[in-house]
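**Q** Dropping in query.cif, with mmCIF, C-alpha atoms.
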```cif
data_structure
#
loop_
_atom_site.group_PDB
_atom_site.id
_atom_site.type_symbol
_atom_site.label_atom_id
_atom_site.label_comp_id
_atom_site.auth_asym_id
_atom_site.auth_seq_id
_atom_site.Cartn_x
_atom_site.Cartn_y
_atom_site.Cartn_z
ATOM 1 C CA MET X 1 99.129 60.967 76.204
ATOM 2 C CA ALA X 2 98.889 62.448 72.706
ATOM 3 C CA ALA X 3 95.084 62.642 72.887
ATOM 4 C CA ASN X 4 95.388 64.451 76.212
ATOM 5 C CA TYR X 5 97.346 67.246 74.521
ATOM 6 C CA LEU X 6 94.042 68.532 73.179
ATOM 7 C CA PHE X 7 93.135 69.501 76.753
ATOM 8 C CA ARG X 8 96.059 71.899 77.124
ATOM 9 C CA PRO X 9 94.945 75.546 77.084
ATOM 10 C CA PRO X 10 95.561 77.398 73.817
ATOM 11 C CA TYR X 11 98.495 79.743 73.557
ATOM 12 C CA PRO X 12 97.568 83.419 73.975
ATOM 13 C CA ALA X 13 97.010 85.268 70.687
ATOM 14 C CA GLU X 14 100.009 87.414 71.606
ATOM 15 C CA VAL X 15 102.225 84.397 70.938
ATOM 16 C CA TYR X 16 101.145 84.197 67.299
ATOM 17 C CA ASP X 17 101.339 87.962 66.828
ATOM 18 C CA THR X 18 104.910 87.960 68.121
ATOM 19 C CA LEU X 19 105.933 85.046 65.914
ATOM 20 C CA LEU X 20 104.562 86.772 62.824
ATOM 21 C CA GLU X 21 106.415 89.959 63.744
ATOM 22 C CA LEU X 22 109.676 88.048 64.147
ATOM 23 C CA MET X 23 109.106 86.518 60.700
ATOM 24 C CA ARG X 24 108.572 89.911 59.056
ATOM 25 C CA GLY X 25 111.069 90.543 56.277
ATOM 26 C CA TYR X 26 112.026 86.879 56.023
ATOM 27 C CA PRO X 27 110.524 83.994 54.031
ATOM 28 C CA ARG X 28 107.097 83.222 55.445
ATOM 29 C CA ILE X 29 108.147 79.621 55.884
ATOM 30 C CA LEU X 30 107.989 77.956 59.302
ATOM 31 C CA LEU X 31 109.837 75.027 60.803
ATOM 32 C CA ASP X 32 107.796 73.804 63.782
ATOM 33 C CA ALA X 33 110.366 71.658 65.582
ATOM 34 C CA GLY X 34 108.778 69.151 67.930
ATOM 35 C CA CYS X 35 105.345 70.246 66.744
ATOM 36 C CA GLY X 36 103.332 67.858 68.917
ATOM 37 C CA THR X 37 99.682 68.220 67.953
ATOM 38 C CA GLY X 38 100.454 71.236 65.776
ATOM 39 C CA LYS X 39 99.233 74.202 67.842
ATOM 40 C CA ILE X 40 101.830 76.573 66.408
ATOM 41 C CA THR X 41 101.589 75.394 62.798
ATOM 42 C CA LEU X 42 97.791 75.417 62.753
ATOM 43 C CA GLY X 43 97.694 78.814 64.462
ATOM 44 C CA LEU X 44 99.931 80.406 61.814
ATOM 45 C CA ILE X 45 99.271 78.509 58.596
ATOM 46 C CA ASP X 46 96.658 80.918 57.211
ATOM 47 C CA GLN X 47 99.161 83.770 57.425
ATOM 48 C CA ILE X 48 102.304 82.107 56.092
ATOM 49 C CA GLU X 49 103.415 80.475 52.865
ATOM 50 C CA ARG X 50 104.102 76.987 54.166
ATOM 51 C CA ALA X 51 105.233 74.996 57.220
ATOM 52 C CA ASP X 52 107.251 71.906 57.976
ATOM 53 C CA ALA X 53 105.873 70.406 61.200
ATOM 54 C CA VAL X 54 108.235 67.783 62.629
ATOM 55 C CA ASP X 55 107.676 65.400 65.528
ATOM 56 C CA PRO X 56 109.140 62.000 66.492
ATOM 57 C CA SER X 57 105.769 60.761 67.800
ATOM 58 C CA ASP X 58 103.436 59.217 65.245
ATOM 59 C CA ALA X 59 100.635 59.399 67.850
ATOM 60 C CA MET X 60 101.081 63.170 68.165
ATOM 61 C CA LEU X 61 100.984 63.591 64.412
ATOM 62 C CA ARG X 62 97.848 61.461 64.096
ATOM 63 C CA VAL X 63 96.112 63.828 66.502
ATOM 64 C CA ALA X 64 97.505 66.851 64.651
ATOM 65 C CA ARG X 65 96.275 65.583 61.282
ATOM 66 C CA SER X 66 92.760 65.125 62.684
ATOM 67 C CA LEU X 67 92.374 68.806 63.581
ATOM 68 C CA PRO X 68 90.683 71.537 61.529
ATOM 69 C CA GLY X 69 93.034 72.969 58.913
ATOM 70 C CA ALA X 70 95.530 70.126 59.164
ATOM 71 C CA ALA X 71 94.825 68.913 55.627
ATOM 72 C CA SER X 72 96.150 72.171 54.171
ATOM 73 C CA GLY X 73 98.518 71.631 51.272
ATOM 74 C CA LYS X 74 100.773 74.235 52.857
ATOM 75 C CA ILE X 75 101.690 71.872 55.721
ATOM 76 C CA ARG X 76 104.217 69.069 55.476
ATOM 77 C CA TRP X 77 103.768 66.817 58.515
ATOM 78 C CA LEU X 78 107.017 64.935 59.123
ATOM 79 C CA HIS X 79 107.305 61.918 61.400
ATOM 80 C CA ALA X 80 110.975 62.179 62.335
ATOM 81 C CA ALA X 81 113.390 63.293 65.010
ATOM 82 C CA ILE X 82 114.422 66.870 64.373
ATOM 83 C CA GLU X 83 118.066 65.750 64.397
ATOM 84 C CA ASP X 84 117.448 63.694 61.219
ATOM 85 C CA ALA X 85 114.304 65.137 59.602
ATOM 86 C CA PRO X 86 114.472 65.976 55.876
ATOM 87 C CA LEU X 87 114.278 69.775 56.009
ATOM 88 C CA ASP X 88 113.362 72.124 53.175
ATOM 89 C CA PRO X 89 115.014 75.496 53.960
ATOM 90 C CA PRO X 90 115.351 78.413 54.036
ATOM 91 C CA TYR X 91 113.007 79.025 56.971
ATOM 92 C CA GLY X 92 111.986 82.499 58.032
ATOM 93 C CA LEU X 93 111.361 81.223 61.566
ATOM 94 C CA ILE X 94 112.032 78.086 63.575
ATOM 95 C CA VAL X 95 109.849 77.519 66.632
ATOM 96 C CA ALA X 96 110.345 74.958 69.387
ATOM 97 C CA ALA X 97 107.251 75.137 71.588
ATOM 98 C CA SER X 98 107.825 73.312 74.891
ATOM 99 C CA SER X 99 110.035 70.873 72.982
ATOM 100 C CA ILE X 100 113.600 72.201 72.984
ATOM 101 C CA HIS X 101 114.488 70.212 76.137
ATOM 102 C CA TRP X 102 113.859 66.934 74.279
ATOM 103 C CA MET X 103 116.429 67.700 71.568
ATOM 104 C CA ASP X 104 120.132 66.917 71.195
ATOM 105 C CA LEU X 105 121.164 70.560 70.968
ATOM 106 C CA ASP X 106 124.732 69.881 69.850
ATOM 107 C CA ARG X 107 123.285 68.238 66.746
ATOM 108 C CA THR X 108 120.127 70.295 66.338
ATOM 109 C CA LEU X 109 121.371 73.874 66.671
ATOM 110 C CA PRO X 110 123.900 73.547 63.807
ATOM 111 C CA ARG X 111 121.068 72.167 61.652
ATOM 112 C CA PHE X 112 118.953 75.167 62.576
ATOM 113 C CA ALA X 113 121.842 77.522 61.741
ATOM 114 C CA ASN X 114 122.069 76.042 58.259
ATOM 115 C CA ALA X 115 118.299 75.963 57.742
ATOM 116 C CA LEU X 116 117.432 79.525 58.774
ATOM 117 C CA ALA X 117 117.333 82.350 56.250
ATOM 118 C CA ASP X 118 120.054 84.954 56.706
ATOM 119 C CA GLY X 119 119.226 86.831 59.927
ATOM 120 C CA ALA X 120 116.141 84.798 60.818
ATOM 121 C CA MET X 121 115.378 83.707 64.380
ATOM 122 C CA LEU X 122 114.941 80.610 66.496
ATOM 123 C CA VAL X 123 112.076 80.998 68.989
ATOM 124 C CA VAL X 124 111.518 78.820 72.052
ATOM 125 C CA LEU X 125 108.274 78.870 74.033
ATOM 126 C CA ASP X 126 107.385 77.823 77.553
ATOM 127 C CA GLY X 127 103.980 78.043 79.187
ATOM 128 C CA ASP X 128 100.539 76.654 78.406
ATOM 129 C CA ALA X 129 99.502 76.041 82.010
ATOM 130 C CA PRO X 130 97.820 78.062 84.771
ATOM 131 C CA VAL X 131 99.927 80.827 86.295
ATOM 132 C CA ASP X 132 99.405 81.762 89.965
ATOM 133 C CA ALA X 133 96.210 79.672 90.162
ATOM 134 C CA PRO X 134 94.362 79.860 93.507
ATOM 135 C CA TRP X 135 95.037 76.142 94.063
ATOM 136 C CA GLU X 136 98.720 76.294 93.075
ATOM 137 C CA ARG X 137 100.156 76.044 96.608
ATOM 138 C CA GLU X 138 98.061 72.977 97.477
ATOM 139 C CA GLU X 139 98.655 71.409 94.079
ATOM 140 C CA THR X 140 102.417 71.937 94.276
ATOM 141 C CA GLN X 141 102.648 70.476 97.775
ATOM 142 C CA PHE X 142 100.656 67.422 96.732
ATOM 143 C CA MET X 143 102.681 66.893 93.549
ATOM 144 C CA VAL X 144 106.032 67.209 95.303
ATOM 145 C CA ASP X 145 104.914 64.818 98.064
ATOM 146 C CA PHE X 146 103.509 62.402 95.463
ATOM 147 C CA LEU X 147 106.808 62.294 93.573
ATOM 148 C CA ALA X 148 108.820 61.992 96.780
ATOM 149 C CA ALA X 149 106.760 58.991 97.893
ATOM 150 C CA ARG X 150 107.026 57.420 94.434
ATOM 151 C CA ASP X 151 110.734 58.052 93.786
ATOM 152 C CA GLY X 152 112.096 58.046 97.320
ATOM 153 C CA ARG X 153 113.372 61.627 97.139
ATOM 154 C CA ARG X 154 111.965 65.100 96.718
ATOM 155 C CA PRO X 155 112.327 66.511 93.185
ATOM 156 C CA ALA X 156 115.052 69.169 93.263
ATOM 157 C CA TRP X 157 114.085 70.306 89.761
ATOM 158 C CA TRP X 158 110.571 71.449 90.674
ATOM 159 C CA LYS X 159 109.651 75.034 89.752
ATOM 160 C CA THR X 160 106.332 76.816 89.467
ATOM 161 C CA VAL X 161 105.406 78.367 86.122
ATOM 162 C CA ARG X 162 106.158 81.821 87.531
ATOM 163 C CA GLU X 163 109.605 80.669 88.654
ATOM 164 C CA ARG X 164 110.286 79.192 85.200
ATOM 165 C CA PHE X 165 109.301 82.460 83.558
ATOM 166 C CA ALA X 166 112.069 84.233 85.492
ATOM 167 C CA GLU X 167 114.731 82.074 83.826
ATOM 168 C CA PRO X 168 115.851 81.615 80.208
ATOM 169 C CA VAL X 169 114.326 78.663 78.421
ATOM 170 C CA LEU X 170 117.434 77.906 76.365
ATOM 171 C CA ILE X 171 121.004 78.272 77.575
ATOM 172 C CA HIS X 172 123.560 76.915 75.108
ATOM 173 C CA PRO X 173 126.732 78.260 73.476
ATOM 174 C CA GLY X 174 125.049 77.842 70.100
ATOM 175 C CA PHE X 175 122.190 80.197 70.943
ATOM 176 C CA GLU X 176 122.537 83.975 71.184
ATOM 177 C CA ARG X 177 119.440 85.285 72.950
ATOM 178 C CA ARG X 178 118.160 88.566 71.502
ATOM 179 C CA GLY X 179 115.003 89.116 73.486
ATOM 180 C CA HIS X 180 112.078 87.664 75.345
ATOM 181 C CA ARG X 181 108.529 88.494 76.281
ATOM 182 C CA ILE X 182 106.021 87.115 78.746
ATOM 183 C CA THR X 183 102.541 87.461 77.329
ATOM 184 C CA ALA X 184 99.771 89.267 79.143
ATOM 185 C CA PRO X 185 97.493 86.979 81.190
ATOM 186 C CA VAL X 186 94.575 85.447 79.308
ATOM 187 C CA ALA X 187 91.598 83.994 81.161
ATOM 188 C CA SER X 188 90.803 80.328 80.612
ATOM 189 C CA SER X 189 88.483 77.768 82.166
ATOM 190 C CA GLN X 190 88.180 73.996 82.261
ATOM 191 C CA SER X 191 86.166 71.343 83.989
ATOM 192 C CA ILE X 192 88.045 69.386 86.641
ATOM 193 C CA ALA X 193 87.984 66.313 84.398
ATOM 194 C CA ASP X 194 89.515 68.227 81.481
ATOM 195 C CA TYR X 195 92.102 69.841 83.756
ATOM 196 C CA LEU X 196 93.204 66.384 84.884
ATOM 197 C CA ARG X 197 93.458 65.192 81.289
ATOM 198 C CA CYS X 198 95.657 68.205 80.627
ATOM 199 C CA GLN X 199 97.899 67.156 83.516
ATOM 200 C CA HIS X 200 98.130 63.665 82.046
ATOM 201 C CA SER X 201 99.462 65.200 78.813
ATOM 202 C CA ARG X 202 102.646 66.146 80.676
ATOM 203 C CA ALA X 203 105.437 63.590 80.819
ATOM 204 C CA THR X 204 105.671 63.448 84.627
ATOM 205 C CA TRP X 205 101.942 62.765 85.018
ATOM 206 C CA SER X 206 101.207 60.748 81.897
ATOM 207 C CA GLU X 207 99.119 57.663 82.548
ATOM 208 C CA ASP X 208 101.674 55.530 80.714
ATOM 209 C CA HIS X 209 104.386 56.753 83.076
ATOM 210 C CA LEU X 210 102.356 56.552 86.282
ATOM 211 C CA GLY X 211 100.508 53.342 85.601
ATOM 212 C CA GLU X 212 96.810 52.717 86.232
ATOM 213 C CA GLU X 213 96.865 52.508 90.030
ATOM 214 C CA ALA X 214 98.978 55.629 90.556
ATOM 215 C CA SER X 215 96.949 57.530 87.949
ATOM 216 C CA VAL X 216 93.739 56.822 89.875
ATOM 217 C CA GLU X 217 95.429 57.878 93.124
ATOM 218 C CA PHE X 218 96.637 61.077 91.449
ATOM 219 C CA ASP X 219 93.208 61.918 90.015
ATOM 220 C CA THR X 220 91.405 61.248 93.288
ATOM 221 C CA ALA X 221 93.707 63.482 95.324
ATOM 222 C CA MET X 222 93.760 66.236 92.712
ATOM 223 C CA THR X 223 89.962 66.208 92.428
ATOM 224 C CA GLY X 224 89.758 66.799 96.171
ATOM 225 C CA ILE X 225 92.075 69.813 95.888
ATOM 226 C CA LEU X 226 90.478 71.285 92.778
ATOM 227 C CA SER X 227 86.886 70.844 93.969
ATOM 228 C CA ARG X 228 87.486 73.434 96.658
ATOM 229 C CA HIS X 229 88.274 76.007 93.975
ATOM 230 C CA ALA X 230 85.721 75.108 91.301
ATOM 231 C CA ARG X 231 82.435 76.855 90.694
ATOM 232 C CA ASP X 232 79.727 74.713 89.151
ATOM 233 C CA GLY X 233 82.434 72.182 88.352
ATOM 234 C CA MET X 234 84.570 74.682 86.426
ATOM 235 C CA LEU X 235 88.038 75.999 87.205
ATOM 236 C CA THR X 236 89.005 79.513 86.122
ATOM 237 C CA PHE X 237 92.626 80.539 85.751
ATOM 238 C CA GLU X 238 95.034 82.644 83.683
ATOM 239 C CA VAL X 239 97.542 81.435 81.102
ATOM 240 C CA GLN X 240 100.772 83.126 80.035
ATOM 241 C CA THR X 241 103.664 82.092 77.808
ATOM 242 C CA ARG X 242 107.338 83.007 77.817
ATOM 243 C CA ILE X 243 108.524 83.753 74.274
ATOM 244 C CA GLU X 244 112.308 83.783 73.828
ATOM 245 C CA TRP X 245 114.100 84.460 70.557
ATOM 246 C CA GLY X 246 117.610 84.718 69.237
ATOM 247 C CA ARG X 247 120.193 83.841 66.638
ATOM 248 C CA VAL X 248 121.681 80.424 66.247
ATOM 249 C CA ARG X 249 125.442 80.905 66.148
ATOM 250 C CA GLY X 250 126.862 80.537 62.687
ATOM 251 C CA VAL X 251 123.927 82.415 61.115
ATOM 252 C CA PRO X 252 125.157 85.584 59.339
ATOM 253 C CA LYS X 253 124.363 88.698 61.372
ATOM 254 C CA SER X 254 122.937 90.858 58.597
ATOM 255 C CA GLY X 255 119.435 92.194 59.147
ATOM 256 C CA ASP X 256 119.747 92.595 62.907
ATOM 257 C CA ARG X 257 116.729 94.053 64.660
ATOM 258 C CA ALA X 258 115.763 95.790 67.834
ATOM 259 C CA GLU X 259 115.403 93.474 70.824
ATOM 260 C CA GLU X 260 111.635 93.733 71.203
ATOM 261 C CA PRO X 261 109.274 93.213 68.253
ATOM 262 C CA ASN X 262 106.269 95.501 68.111
ATOM 263 C CA PRO X 263 103.313 93.463 66.874
#
```
Mind converting the file's structure to structure tokens?

**A**
Amino acid sequence: MAANYLFRPPYPAEVYDTLLELMRGYPRILLDAGCGTGKITLGLIDQIERADAVDPSDAMLRVARSLPGAASGKIRWLHAAIEDAPLDPPYGLIVAASSIHWMDLDRTLPRFANALADGAMLVVLDGDAPVDAPWEREETQFMVDFLAARDGRRPAWWKTVRERFAEPVLIHPGFERRGHRITAPVASSQSIADYLRCQHSRATWSEDHLGEEASVEFDTAMTGILSRHARDGMLTFEVQTRIEWGRVRGVPKSGDRAEEPNP
């Protein structure tokens, strides 16, 4: 599953521009909480002082450390749960990129409050998948039916990326949302094989979770759907990301800013 993370589309450049703007005026020190394979850390490290990149998965960190720039002395890769990781504050920004839902927020948010520099922000991200893809309706119907057949009930939690973008990523009494942005669409393309490996990087569709037989069934059916929309074996789609930022309660309120940064 960790190796399959490399097949997820990159975040739009607007994500990194916004993060740097939110860090302006604060220590250029990043805490990448639930860093996975390090997309956020590696995308920012040349423009910041240092980063602590924390993940509970040793497999994820092995992939991260193999990537260009990962050997930088400015990065401290930490194999630990964010609830217990040895932090080195103050941080001018904490980012949880598609990872906040894995955390014990009642333990983690107070840690973030203590670790952030006075007035600095927590940012949560959602979105590194196709938005409004031409095959989305067929894909969604297949996936919902697949899960219903596997689990004996239809998944009530299912939402498209567009539907997720319409809702806050983080709702918790310890988080005071100050703003959000949905990035402009960025064109991306993948082969069908790489698109399927991207799907297998997601917990619901991971090969470890599905098992070999169900994974083959999934790939066969998805290939049939995607082939109708591919040109010369390639799929073209757009990627967007929801960026959401705010204060962690307990952080002093000095240095407040306007809601929208202006990268």

**Q** Name the residues within 12 Å of (112.9, 74.7, 80.5), counting all atoms listed in the file in the file's coordinates, and put them as a list of chain:residue names.

**A**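 Counting all atoms listed in the file, I find these residues within 12 Å of (112.9, 74.7, 80.5): X:Ala96, X:Ala97, X:Ser98, X:Ser99, X:Ile100, X:His101, X:Trp102, X:Met103, X:Val124, X:Leu125, X:Asp126, X:Gly127, X:Trp157, X:Trp158, X:Lys159, X:Thr160, X:Val161, X:Glu163, X:Arg164, X:Phe165, X:Ala166, X:Glu167, X:Pro168, X:Val169, X:Leu170, X:Ile171, X:Arg242, X:Ile243, X:Glu244.
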
**Q** Mind telling me what the PyMOL selection byres ((chain X and resi 245-249) around 6) catches here, as a PDB file with C-alpha atoms, in the coordinates of the input?

**A**
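Printed below is selection_27.pdb as written:
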```
ATOM      1  CA  ALA X 113     121.842  77.522  61.741  1.00  0.00           C
ATOM      2  CA  MET X 121     115.378  83.707  64.380  1.00  0.00           C
ATOM      3  CA  LEU X 122     114.941  80.610  66.496  1.00  0.00           C
ATOM      4  CA  VAL X 123     112.076  80.998  68.989  1.00  0.00           C
ATOM      5  CA  GLY X 174     125.049  77.842  70.100  1.00  0.00           C
ATOM      6  CA  PHE X 175     122.190  80.197  70.943  1.00  0.00           C
ATOM      7  CA  GLU X 176     122.537  83.975  71.184  1.00  0.00           C
ATOM      8  CA  ARG X 177     119.440  85.285  72.950  1.00  0.00           C
ATOM      9  CA  ARG X 178     118.160  88.566  71.502  1.00  0.00           C
ATOM     10  CA  GLY X 179     115.003  89.116  73.486  1.00  0.00           C
ATOM     11  CA  GLU X 244     112.308  83.783  73.828  1.00  0.00           C
ATOM     12  CA  GLY X 250     126.862  80.537  62.687  1.00  0.00           C
ATOM     13  CA  VAL X 251     123.927  82.415  61.115  1.00  0.00           C
TER      14      VAL X 251
END
```

**Q** Quick one: everything within 7 Å of segment 52-57 of chain X, counting all atoms listed in the file, minus sequence neighbours fewer than 2 positions away in the same chain. Send it as a compact mmCIF listing (two decimals) with C-alpha atoms, in the coordinates of the input.

**A**
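Below is the file that was written, part.txt:
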```txt
# COMPACT_ATOMS: atom_id res chain seq x y z
CA LEU X 30 107.99 77.96 59.30
CA LEU X 31 109.84 75.03 60.80
CA ASP X 32 107.80 73.80 63.78
CA ALA X 33 110.37 71.66 65.58
CA GLY X 34 108.78 69.15 67.93
CA CYS X 35 105.34 70.25 66.74
CA GLY X 36 103.33 67.86 68.92
CA THR X 41 101.59 75.39 62.80
CA ALA X 59 100.64 59.40 67.85
CA MET X 60 101.08 63.17 68.17
CA LEU X 61 100.98 63.59 64.41
CA ILE X 75 101.69 71.87 55.72
CA ARG X 76 104.22 69.07 55.48
CA TRP X 77 103.77 66.82 58.52
CA LEU X 78 107.02 64.94 59.12
CA HIS X 79 107.30 61.92 61.40
CA ALA X 80 110.98 62.18 62.34
CA ALA X 81 113.39 63.29 65.01
CA ILE X 82 114.42 66.87 64.37
```

**Q** Might you spell out which residues the PyMOL selection byres ((chain X and resi 235) around 8) would select in the displayed file, as a list in words?

**A**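 Selected by the PyMOL selection byres ((chain X and resi 235) around 8) in this file: Ser189, Gln190, Ser191, Ile192, Leu226, His229, Ala230, Arg231, Gly233, Met234, Thr236 and Phe237 of chain X.
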
**Q** Quick one: everything within 8 Å of Ile29 of chain X, counting all atoms listed in the file, minus sequence neighbours fewer than 3 positions away in the same chain. Send it as a VMD selection string.

**A** chain X and resid 48 to 51 90 to 93

**Q** To verify the selection step, state as JSON, numbers by chain which residues the PyMOL selection byres ((chain X and resi 4) around 8) yields on this input.

**A** {"X": [1, 2, 3, 5, 6, 7, 8, 197, 198, 200, 201]}

**Q** Provide the atom CA of Leu147 of chain X to atom CA of Ser227 of chain X distance in Å, to one decimal place.

**A** 21.7 Å

**Q** What are the nearest atom pairs, with distances in Å to one decimal, for all residues of segment 1-65 of chain X that come at most 10 Å from segment 181-187 of chain X, using all atoms listed in the file, set out by chain and rising residue number as JSON lines?

**A**
```
{"residue": "X:Pro9", "atom": "CA", "partner": "X:Ala187", "partner_atom": "CA", "distance": 10.0}
{"residue": "X:Pro10", "atom": "CA", "partner": "X:Val186", "partner_atom": "CA", "distance": 9.8}
{"residue": "X:Tyr11", "atom": "CA", "partner": "X:Val186", "partner_atom": "CA", "distance": 9.0}
{"residue": "X:Pro12", "atom": "CA", "partner": "X:Val186", "partner_atom": "CA", "distance": 6.4}
{"residue": "X:Ala13", "atom": "CA", "partner": "X:Thr183", "partner_atom": "CA", "distance": 8.9}
{"residue": "X:Glu14", "atom": "CA", "partner": "X:Thr183", "partner_atom": "CA", "distance": 6.3}
{"residue": "X:Val15", "atom": "CA", "partner": "X:Thr183", "partner_atom": "CA", "distance": 7.1}
{"residue": "X:Thr18", "atom": "CA", "partner": "X:Arg181", "partner_atom": "CA", "distance": 8.9}
```
